[in-house]
Amino acid sequence: MKKILSLTLVLTLCLALLSGCGGSSAASTEAAGSDAAASEAAAPAAAEPKTLNIALSGQPEHLDVAMSSMDIASEVVFISVFEKLVAFDSESRVIPELAESWELTDENRVYTYHLRHGVKFHNGEEMKAADVVVSMNRWIDAAANARGLVGDARFTAVDDYTVEIRLETGTLYLNEMIAGLGQQAAIMPASVIGAVGAGELVQEYIGTGPYFYDEWKADQYIRLKAFDGYTPYGTQGDYSGWGGYKTAWYDEVYFYFPGDPGSVVAGVQTGEYDMCDQIGGDQYAAFEGDSAFTIFSAEAEEPMLIFNKATGVGADPVVRQAIQAVINCGDLLHAAYGSEDLYNLYSSYMFKDSATWYTEAGSDKYNQADPEAAKALFAQAGWTDSNVFRILVNNSSSGYVAEALVIQEELRAIGVNCEVLSYDSATYSDVRNNHTENWDAFITGFGPKVLPNMNLYLSTGWPAEGTGCTDERVQGDLAAIASGADLATAQNTWAELQRYMYEEYVPVVKFGSTFLSGVSRSDITGAFIKERLVWIDARPAA
Amino acid sequence: MLNYIFRRLLALIPVLLIVSLTIFLLIHLVPGDPAAAMLGENATQEQIDALHTAMGLDLPLPLQYLRWMGRLLRGDLGTSYFMKGTVNEILRDHMVPTLQQTAVAVAFAALVGVPLGMIAAVHRGRAADRLISGFSTVGVSMPSFLMGLGLVLLFSVKLRLLPSSGYKEIAVAGWRTHMRYMLLPGIALGFIEMGLIIRMTRSAVLEILSADYMRMARSKGVSRVRLFLKHALKNALIGILTVVGLSFISCLGGAAVTETIFNIPGIGKLTLNAVMRRDYEVVQAVVLVVSLLNVVCTLILDLFFAMIDPRIRLQ
């Protein structure tokens, strides 16, 4: 009897433990499991939804892309769920999206946008001027670049289908700013934005795109579903870059977060995933030359060393020039990416594709790899053995860490003390933003921009107030470029500014540009890289 | 026994209090900020500060701790900054895959390890013993991540028999599909434990086989099968069960590695992600719950021992 009582007690404890962990779903899971087993048998009767499975290189923190510039979140909802007033085509020309047309008047000070009629949000509401005004002003408040361009001006509604913004100083480039990646000028319902306080993230992801946000199973997947109420814009079949005529080719799109790069490769090889957004140099060989897969690549990032121009040894421009002189960009990128196929070496701060702003001004100071010149400059700066140059790096990027270590070796070779501070993402951000006295430079990368002013590393207050480009000439020239009515003059101003930055000011040391490569199965066509994976036009190959 | 269980459960309170305070301080005092993690690399300080305030992270630490404890006493583990839903729901959702994976791992380890250990003991010193002992050494030495990658390469990439990664809920995909996804992670996780169980079973059975009462039973003419199953195995069970029980706890701890390799949304992966992005309340809750789980598992094991072996008295 005593034994039976004890056994009952122990079993009760076990059950309590399991139910505590599994909660009520444990029981319901089992019950539902038998239902599911039954439905497995009956499944052939129902039509299978067309599904696209994408493996992402990480899991986004959230999908409020107006508030942060997370690339991963953009890969999920940019173009597909959220749309903007205007978009870029494949040549980075501005094309209409939610605005069917626009006017630029009063010496480029007044932008007026005429909205499309009958555009539905995923919650069934019609998109009107009030939604656009709230969305655009929220974006301006959140995006430092946008604020830098428009100042205190904000959008207002002219009527239900017209909005305008009146700038104090004229600019030609507001549309480029809106169409660009980074923090996105995503149009959301005013009701969704109004439900949260200023500076807070929205709780519902509702846009106007061909897919709507359906489910986010934490650490498993995000699911989008085709939006029946979507009306495409433009001409059928005419999709280009980030805009044009969009079609929901699939009923459902799943985004998975495998985490481990080996799992991503295995998953694509075995057909678990139809495509992945990113493969590194190590994984490239697994797909290269295999006709079952398509590799798509594009220049996507400029890794660079960004100096702390407020405090420490990096505040001295001569020290910055010395470090620029010693760096061998080829060695550095080879150490980080392994193959010359995965990077390009060129000096322009703006990407090669940016024909408008590409310039080789100041190139003789790029990739100098000149230890003697560096030594002379360090001596000129009064460098002593007690000085240490501290490079901050985020250890989640093995490429950045490798680059930091190569710089460390190059500096040590000429007798300059260098310390690499390698931290996890959260600690790295904390040290970089809040303890600027603890680092002299950090390594990060930026995607292509259509306007020099959009390069965050040229702003005054990033990553922390004062550490950015506070130089009067830099800011004066950037303001002139933004407001200039004459493109040729603006191009010349930019070329001279780049020369000045290479020869004197040296806010950063650009290493080169690197390629981003994704892979899809060969029976799927239409996916490509434009800064990040663009999958919206991916469809079964004919 | 009731008294014993009550005292053991009572002793949990100070343990959990110390654990809660330690983990709260640890996670809050390391550098990093969930607001910065949410807003990304290019966020301005102004943006980060605004979100920091909105999330209540600007309150003094003691006040934040007291608020958390207050909620804990009401059974509310808090809210994740990053994931939708309460921490209670998130924990429940993530605990299920971990327990399922651990159950498969322990089942694999016990079902393979116990018979092999017995065979090795019965055939002591012969080829079968040497082969099994070598196999158990491989099992103990092989890290689960290496085993996992090897299994994926063989069964997924080469043979195309099982999926390489992912997780399918029983409720959505059914038992068969669920088990197809659980098999490789379960084996990878349970392989080390299998090696340990083989060793433990072998030595426990060997010890029993050489006991005087076994010689006596043999001389009385008890059949070989009966002798082995009724006398040897039953008496060796305590040692074997100890290892199997500890394997469960050990697999729970080791699941983080296989969950990462096989992309299983379990507690290990949740903890790793939560620590990386400083999702304070999730980290705190996971540590508390896992501590509780460990203590309760140990208690259950003790109670089982007392039932199997009447010589054990619970004090």
# chains A, B, ... in the order shown; residues from 1 in each chain; ligands from 1
>>> interface_residues(of="chain B", to="chain A", cutoff="6 Å", atoms="only C-alpha atoms", output="NGL selection string")
:B and (31-32 or 38-40 or 50-51 or 82 or 92 or 96 or 157 or 164 or 170-171 or 174 or 261 or 263 or 265)
>>> residues_around(residues="Pro62 of chain B", least_positions_apart="3", cutoff="12 Å", atoms="only C-alpha atoms", output="number ranges by chain")
B: 21, 24-25, 28, 57-59, 65-69
>>> write_last_selection(atoms="N, CA and C atoms", output="compact mmCIF listing (two decimals), in the first residue's frame")
# COMPACT_ATOMS: atom_id res chain seq x y z
N LEU B 21 18.23 36.39 -8.07
CA LEU B 21 19.02 37.61 -7.83
C LEU B 21 20.32 37.58 -8.64
N PHE B 24 19.58 38.04 -12.37
CA PHE B 24 19.11 39.41 -12.63
C PHE B 24 20.29 40.38 -12.67
N LEU B 25 21.16 40.26 -11.66
CA LEU B 25 22.32 41.16 -11.62
C LEU B 25 23.27 40.90 -12.77
N HIS B 28 21.86 42.19 -16.10
CA HIS B 28 21.71 43.65 -16.16
C HIS B 28 23.05 44.38 -16.06
N LEU B 57 13.38 50.67 -19.05
CA LEU B 57 14.73 50.25 -18.68
C LEU B 57 15.53 51.35 -18.00
N ASP B 58 14.93 52.53 -17.90
CA ASP B 58 15.65 53.62 -17.23
C ASP B 58 15.36 53.66 -15.72
N LEU B 59 14.52 52.74 -15.24
CA LEU B 59 14.21 52.70 -13.80
C LEU B 59 15.41 52.14 -13.04
N TYR B 65 14.03 44.92 -10.23
CA TYR B 65 14.05 43.57 -9.65
C TYR B 65 12.77 43.30 -8.85
N LEU B 66 12.39 44.29 -8.04
CA LEU B 66 11.20 44.11 -7.21
C LEU B 66 9.96 43.94 -8.08
N ARG B 67 9.88 44.72 -9.15
CA ARG B 67 8.74 44.59 -10.07
C ARG B 67 8.69 43.18 -10.67
N TRP B 68 9.86 42.69 -11.04
CA TRP B 68 9.93 41.35 -11.65
C TRP B 68 9.51 40.30 -10.62
N MET B 69 10.03 40.43 -9.39
CA MET B 69 9.67 39.47 -8.34
C MET B 69 8.18 39.50 -8.05
>>> atom_distance(atom1="atom CA of Asp486 of chain A", atom2="atom CA of Tyr113 of chain A")
22.9 Å
>>> select_by_dssp(residues="segment 122-225 of chain B", states="alpha helix (DSSP H)", output="JSON, numbers by chain")
{"B": [122, 127, 128, 129, 130, 131, 132, 133, 134, 135, 136, 137, 138, 139, 140, 141, 144, 145, 146, 147, 148, 149, 150, 151, 170, 171, 172, 173, 174, 175, 176, 177, 178, 179, 180, 181, 182, 183, 184, 185, 186, 187, 188, 189, 190, 191, 192, 193, 194, 195, 196, 197, 198, 199, 200, 201, 202, 203, 204, 205, 206, 207, 208, 209, 212, 213, 214, 215, 216, 217, 218, 219, 224, 225]}
>>> atom_distance(atom1="atom CA of Val163 of chain A", atom2="atom CA of Glu100 of chain A")
12.0 Å
>>> select_by_dssp(residues="segment 68-245 of chain A", states="strand (DSSP E or B)", output="PyMOL selection string")
chain A and resi 78+82+86-88+94-96+99-105+110-115+120+126+155-159+162-166+211-217+221-226+239-240+243-244
>>> closest_residue(among="B:Met182, B:Leu237, B:Ile5, B:Ala217", to="Ala204 of chain B", atoms="only C-alpha atoms")
B:Leu237
>>> residues_around(residues="segment 278-288 of chain A", least_positions_apart="6", cutoff="7 Å", atoms="only C-alpha atoms", output="JSON, numbers by chain")
{"A": [57, 265, 337, 338, 516, 517, 518]}
>>> write_last_selection(atoms="C-alpha atoms", output="mmCIF file, in the first residue's frame")
data_model
loop_
_atom_site.group_PDB
_atom_site.id
_atom_site.type_symbol
_atom_site.label_atom_id
_atom_site.label_comp_id
_atom_site.auth_asym_id
_atom_site.auth_seq_id
_atom_site.Cartn_x
_atom_site.Cartn_y
_atom_site.Cartn_z
ATOM 1 C CA SER A 57 21.292 34.417 -42.408
ATOM 2 C CA VAL A 265 24.073 24.801 -47.187
ATOM 3 C CA TYR A 337 36.968 36.877 -47.696
ATOM 4 C CA GLY A 338 39.464 34.338 -48.995
ATOM 5 C CA LEU A 516 27.028 39.392 -51.366
ATOM 6 C CA SER A 517 26.063 36.030 -52.819
ATOM 7 C CA GLY A 518 22.838 34.105 -52.486
#
>>> residues_around(residues="segment 116-129 of chain A", least_positions_apart="3", cutoff="7 Å", atoms="only C-alpha atoms", output="PyMOL selection string")
chain A and resi 98-100+132-133+157+159-163+206-208+212+229-230
>>> write_last_selection(atoms="C-alpha atoms", output="PDB file, in the first residue's frame")
ATOM      1  CA  LEU A  98       2.272  54.446 -53.979  1.00  0.00           C
ATOM      2  CA  ALA A  99       2.547  57.952 -55.454  1.00  0.00           C
ATOM      3  CA  GLU A 100       1.452  57.838 -59.074  1.00  0.00           C
ATOM      4  CA  VAL A 132       1.056  58.841 -45.676  1.00  0.00           C
ATOM      5  CA  VAL A 133       1.600  61.973 -43.582  1.00  0.00           C
ATOM      6  CA  ALA A 157      -2.042  66.559 -46.381  1.00  0.00           C
ATOM      7  CA  ASP A 159      -6.397  66.600 -49.799  1.00  0.00           C
ATOM      8  CA  ASP A 160      -7.239  62.903 -49.357  1.00  0.00           C
ATOM      9  CA  TYR A 161      -4.943  61.872 -52.203  1.00  0.00           C
ATOM     10  CA  THR A 162      -2.236  64.584 -52.177  1.00  0.00           C
ATOM     11  CA  VAL A 163       0.574  65.243 -49.700  1.00  0.00           C
ATOM     12  CA  ILE A 206       0.310  46.154 -42.015  1.00  0.00           C
ATOM     13  CA  GLY A 207       1.297  47.539 -45.382  1.00  0.00           C
ATOM     14  CA  THR A 208       0.025  47.667 -48.934  1.00  0.00           C
ATOM     15  CA  PHE A 212       0.660  40.264 -45.862  1.00  0.00           C
ATOM     16  CA  GLY A 229      -6.690  42.787 -52.349  1.00  0.00           C
ATOM     17  CA  TYR A 230      -3.422  43.810 -53.981  1.00  0.00           C
TER      18      TYR A 230
END
>>> closest_residue(among="B:Leu91, B:Ile192, B:Leu63, B:Ile13", to="Asp76 of chain B", atoms="only C-alpha atoms")
B:Leu91
>>> atom_distance(atom1="atom CA of Ile327 of chain A", atom2="atom CA of Glu403 of chain A")
10.1 Å
>>> closest_residue(among="A:Tyr245, A:Tyr502, A:Trp357, A:Tyr254", to="Pro49 of chain A", atoms="only C-alpha atoms")
A:Tyr254
>>> residues_around(residues="Glu496 of chain A", least_positions_apart="5", cutoff="9 Å", atoms="only C-alpha atoms", output="PyMOL selection string")
chain A and resi 361-362+491+501
>>> write_last_selection(atoms="C-alpha atoms", output="compact mmCIF listing (two decimals), in the first residue's frame")
# COMPACT_ATOMS: atom_id res chain seq x y z
CA ALA A 361 39.71 61.69 -56.66
CA GLY A 362 42.31 61.14 -53.94
CA GLN A 491 29.55 66.12 -58.81
CA MET A 501 38.95 63.42 -47.13
>>> closest_residue(among="B:Glu193, B:Glu41, B:Glu89, B:Asp129", to="Val104 of chain B", atoms="only C-alpha atoms")
B:Glu193
>>> residues_around(residues="Asp251 of chain A", least_positions_apart="4", cutoff="7 Å", atoms="only C-alpha atoms", output="list of chain:residue names")
A:Pro49, A:Lys50, A:Thr51, A:Lys225, A:Ala226
>>> write_last_selection(atoms="C-alpha atoms", output="JSON list (two decimals), in the first residue's frame")
[["chain", "number", "residue", "atom", "x", "y", "z"],
["A", 49, "PRO", "CA", -0.40, 25.90, -51.49],
["A", 50, "LYS", "CA", 2.49, 27.12, -53.62],
["A", 51, "THR", "CA", 5.21, 27.79, -51.09],
["A", 225, "LYS", "CA", 0.72, 35.08, -47.41],
["A", 226, "ALA", "CA", -0.47, 36.43, -50.74]]
